[in-house]
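A.B. asks: Okay, so here is entry.txt, and as you'll see once you scroll down, it has compact mmCIF, N, CA and C atoms.
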```
# COMPACT_ATOMS: atom_id res chain seq x y z
N MET A 1 7.58 6.06 17.49
CA MET A 1 6.39 5.81 16.69
C MET A 1 6.20 6.99 15.74
N SER A 2 5.90 6.68 14.50
CA SER A 2 5.73 7.74 13.51
C SER A 2 4.35 8.38 13.62
N PRO A 3 4.21 9.60 13.13
CA PRO A 3 2.88 10.24 13.13
C PRO A 3 1.85 9.43 12.35
N ILE A 4 2.27 8.76 11.30
CA ILE A 4 1.34 7.92 10.53
C ILE A 4 0.82 6.79 11.41
N GLU A 5 1.73 6.14 12.13
CA GLU A 5 1.34 5.04 13.00
C GLU A 5 0.45 5.52 14.15
N GLU A 6 0.77 6.66 14.72
CA GLU A 6 -0.05 7.21 15.80
C GLU A 6 -1.47 7.49 15.32
N GLU A 7 -1.60 8.11 14.16
CA GLU A 7 -2.93 8.41 13.61
C GLU A 7 -3.70 7.13 13.31
N ALA A 8 -3.03 6.15 12.73
CA ALA A 8 -3.68 4.88 12.42
C ALA A 8 -4.19 4.21 13.69
N GLN A 9 -3.36 4.18 14.72
CA GLN A 9 -3.76 3.55 15.97
C GLN A 9 -4.92 4.28 16.62
N SER A 10 -4.98 5.59 16.49
CA SER A 10 -6.10 6.34 17.08
C SER A 10 -7.42 5.99 16.38
N CYS A 11 -7.34 5.46 15.17
CA CYS A 11 -8.53 5.03 14.41
C CYS A 11 -8.69 3.51 14.43
N HIS A 12 -7.94 2.84 15.29
CA HIS A 12 -8.00 1.38 15.46
C HIS A 12 -7.51 0.61 14.24
N TYR A 13 -6.51 1.14 13.58
CA TYR A 13 -5.83 0.45 12.48
C TYR A 13 -4.41 0.12 12.91
N ALA A 14 -3.84 -0.87 12.28
CA ALA A 14 -2.43 -1.20 12.47
C ALA A 14 -1.68 -0.79 11.21
N VAL A 15 -0.41 -0.53 11.35
CA VAL A 15 0.43 -0.14 10.21
C VAL A 15 1.34 -1.31 9.87
N LEU A 16 1.32 -1.70 8.62
CA LEU A 16 2.20 -2.73 8.09
C LEU A 16 3.19 -2.03 7.18
N LEU A 17 4.45 -2.11 7.51
CA LEU A 17 5.48 -1.41 6.76
C LEU A 17 6.29 -2.43 5.96
N GLY A 18 6.48 -2.14 4.69
CA GLY A 18 7.26 -3.04 3.86
C GLY A 18 8.06 -2.27 2.82
N ASP A 19 9.10 -2.89 2.34
CA ASP A 19 9.98 -2.30 1.34
C ASP A 19 10.10 -3.27 0.18
N THR A 20 9.69 -2.85 -1.01
CA THR A 20 9.77 -3.72 -2.18
C THR A 20 11.18 -3.78 -2.76
N ARG A 21 12.01 -2.86 -2.35
CA ARG A 21 13.38 -2.75 -2.86
C ARG A 21 13.40 -2.64 -4.39
N TYR A 22 12.34 -2.02 -4.90
CA TYR A 22 12.19 -1.78 -6.33
C TYR A 22 12.20 -3.06 -7.17
N THR A 23 11.72 -4.16 -6.58
CA THR A 23 11.65 -5.41 -7.33
C THR A 23 10.20 -5.71 -7.70
N VAL A 24 10.00 -6.31 -8.85
CA VAL A 24 8.66 -6.69 -9.27
C VAL A 24 8.08 -7.71 -8.30
N GLU A 25 8.90 -8.62 -7.81
CA GLU A 25 8.42 -9.63 -6.86
C GLU A 25 7.89 -8.98 -5.58
N GLY A 26 8.61 -7.99 -5.08
CA GLY A 26 8.15 -7.28 -3.90
C GLY A 26 6.86 -6.53 -4.14
N GLU A 27 6.77 -5.89 -5.31
CA GLU A 27 5.55 -5.16 -5.67
C GLU A 27 4.38 -6.12 -5.77
N GLU A 28 4.60 -7.28 -6.37
CA GLU A 28 3.53 -8.27 -6.51
C GLU A 28 3.08 -8.79 -5.15
N GLN A 29 4.03 -8.97 -4.23
CA GLN A 29 3.69 -9.44 -2.89
C GLN A 29 2.74 -8.47 -2.20
N TYR A 30 3.04 -7.18 -2.25
CA TYR A 30 2.18 -6.20 -1.58
C TYR A 30 0.87 -5.99 -2.33
N ALA A 31 0.90 -6.13 -3.64
CA ALA A 31 -0.35 -6.05 -4.42
C ALA A 31 -1.28 -7.19 -4.02
N THR A 32 -0.72 -8.37 -3.80
CA THR A 32 -1.52 -9.53 -3.38
C THR A 32 -2.12 -9.29 -2.00
N VAL A 33 -1.33 -8.73 -1.09
CA VAL A 33 -1.85 -8.42 0.26
C VAL A 33 -3.04 -7.47 0.15
N LEU A 34 -2.92 -6.47 -0.71
CA LEU A 34 -4.01 -5.51 -0.88
C LEU A 34 -5.20 -6.16 -1.58
N ALA A 35 -4.95 -6.94 -2.61
CA ALA A 35 -6.04 -7.58 -3.38
C ALA A 35 -6.83 -8.57 -2.56
N THR A 36 -6.16 -9.27 -1.65
CA THR A 36 -6.86 -10.26 -0.84
C THR A 36 -7.43 -9.67 0.44
N ARG A 37 -7.36 -8.35 0.52
CA ARG A 37 -7.92 -7.60 1.65
C ARG A 37 -7.27 -7.96 2.99
N GLU A 38 -6.01 -8.38 2.93
CA GLU A 38 -5.26 -8.58 4.16
C GLU A 38 -4.80 -7.24 4.70
N ALA A 39 -4.91 -6.22 3.87
CA ALA A 39 -4.62 -4.84 4.28
C ALA A 39 -5.75 -3.97 3.76
N ASP A 40 -6.05 -2.91 4.50
CA ASP A 40 -7.14 -2.01 4.11
C ASP A 40 -6.70 -0.87 3.22
N GLY A 41 -5.42 -0.64 3.12
CA GLY A 41 -4.97 0.48 2.31
C GLY A 41 -3.48 0.42 2.06
N LEU A 42 -3.04 1.38 1.27
CA LEU A 42 -1.64 1.44 0.87
C LEU A 42 -1.21 2.89 0.84
N ILE A 43 -0.15 3.20 1.55
CA ILE A 43 0.48 4.51 1.46
C ILE A 43 1.75 4.27 0.67
N PHE A 44 1.81 4.83 -0.50
CA PHE A 44 2.93 4.57 -1.40
C PHE A 44 3.83 5.79 -1.48
N LEU A 45 5.11 5.59 -1.23
CA LEU A 45 6.09 6.65 -1.35
C LEU A 45 7.05 6.26 -2.45
N GLY A 46 7.03 6.98 -3.53
CA GLY A 46 7.91 6.68 -4.65
C GLY A 46 7.60 7.56 -5.83
N HIS A 47 8.33 7.38 -6.87
CA HIS A 47 8.13 8.22 -8.05
C HIS A 47 7.13 7.64 -9.04
N ARG A 48 6.77 6.38 -8.86
CA ARG A 48 5.76 5.79 -9.74
C ARG A 48 5.00 4.72 -8.97
N LEU A 49 3.74 4.56 -9.30
CA LEU A 49 2.95 3.49 -8.71
C LEU A 49 3.27 2.22 -9.49
N PRO A 50 3.70 1.16 -8.83
CA PRO A 50 4.04 -0.07 -9.54
C PRO A 50 2.87 -0.55 -10.40
N GLN A 51 3.15 -0.92 -11.63
CA GLN A 51 2.10 -1.32 -12.56
C GLN A 51 1.27 -2.49 -12.05
N VAL A 52 1.87 -3.39 -11.29
CA VAL A 52 1.14 -4.53 -10.77
C VAL A 52 0.09 -4.10 -9.75
N VAL A 53 0.26 -2.94 -9.13
CA VAL A 53 -0.66 -2.46 -8.11
C VAL A 53 -1.83 -1.69 -8.71
N VAL A 54 -1.63 -1.04 -9.84
CA VAL A 54 -2.65 -0.17 -10.44
C VAL A 54 -3.99 -0.87 -10.62
N PRO A 55 -4.07 -2.05 -11.25
CA PRO A 55 -5.38 -2.69 -11.43
C PRO A 55 -6.07 -3.03 -10.11
N VAL A 56 -5.29 -3.41 -9.12
CA VAL A 56 -5.86 -3.76 -7.81
C VAL A 56 -6.49 -2.53 -7.18
N VAL A 57 -5.77 -1.43 -7.18
CA VAL A 57 -6.25 -0.20 -6.57
C VAL A 57 -7.45 0.34 -7.35
N GLU A 58 -7.38 0.31 -8.67
CA GLU A 58 -8.52 0.80 -9.48
C GLU A 58 -9.75 -0.06 -9.27
N ARG A 59 -9.57 -1.38 -9.13
CA ARG A 59 -10.70 -2.28 -8.90
C ARG A 59 -11.37 -1.98 -7.56
N LEU A 60 -10.55 -1.65 -6.59
CA LEU A 60 -11.11 -1.32 -5.27
C LEU A 60 -11.74 0.07 -5.27
N GLY A 61 -11.41 0.86 -6.28
CA GLY A 61 -12.07 2.15 -6.46
C GLY A 61 -11.63 3.25 -5.53
N ARG A 62 -10.42 3.16 -5.00
CA ARG A 62 -9.99 4.17 -4.06
C ARG A 62 -8.60 4.70 -4.37
N LEU A 63 -8.33 4.99 -5.59
CA LEU A 63 -7.02 5.53 -5.95
C LEU A 63 -7.04 7.04 -5.75
N ARG A 64 -6.24 7.52 -4.81
CA ARG A 64 -6.13 8.96 -4.53
C ARG A 64 -4.69 9.34 -4.70
N ARG A 65 -4.42 10.18 -5.65
CA ARG A 65 -3.05 10.66 -5.85
C ARG A 65 -2.93 12.04 -5.25
N LEU A 66 -1.84 12.27 -4.54
CA LEU A 66 -1.60 13.56 -3.91
C LEU A 66 -0.66 14.39 -4.74
```
Represent the structure from my file as structure tokens, please.

C.D. replies:
Amino acid sequence: MSPIEEEAQSCHYAVLLGDTRYTVEGEEQYATVLATREADGLIFLGHRLPQVVVPVVERLGRLRRL
């Protein structure tokens, strides 16, 4: 179990892990999950935030870049 998953579980969250494989279709799929509130958040690891996700995250008002 990863430290991310352990921390999430200690706060009563589940971790959903997915790989877009750098495809627009994959990015759109996860953006839809976030937009429809099937997920509470997104931890993004990559060199750019997919453009399809930006409006969803900005609309939710919780875009935090590290």

A.B. asks: Report the residues of chain A whose backbone DSSP state falls under helix (DSSP H, G or I), written as a PyMOL selection string.

C.D. replies: chain A and resi 3-10+24-35+54-60

A.B. asks: Could you give me, as an NGL selection string, the residues within 7 Å of Ala31 in chain A, counting all atoms listed in the file and dropping anything in the same chain fewer than 5 positions from it?

C.D. replies: :A and (26 or 36 or 52-53 or 56)

A.B. asks: Name the residues in contact with Asp19 in chain A at a cut-off of 12 Å, using only C-alpha atoms, excluding same-chain residues fewer than 6 positions from it; report them as a PyMOL selection string.

C.D. replies: chain A and resi 25-30+43-46

A.B. asks: Could you check how far CA of Cys11 in chain A sits from CA of Leu42 in chain A, in Å to one decimal?

C.D. replies: 15.6 Å

A.B. asks: One number please: atom C of Glu58 in chain A to CA of Ala8 in chain A, in Å, one decimal.

C.D. replies: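 We find that atom C of Glu58 in chain A and CA of Ala8 in chain A lie 23.1 Å from each other.
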
A.B. asks: One decimal, in Å: what's the spacing between CA of Leu17 in chain A and CA of Gln51 in chain A?

C.D. replies: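 We find that CA of Leu17 in chain A and CA of Gln51 in chain A lie 19.6 Å from each other.
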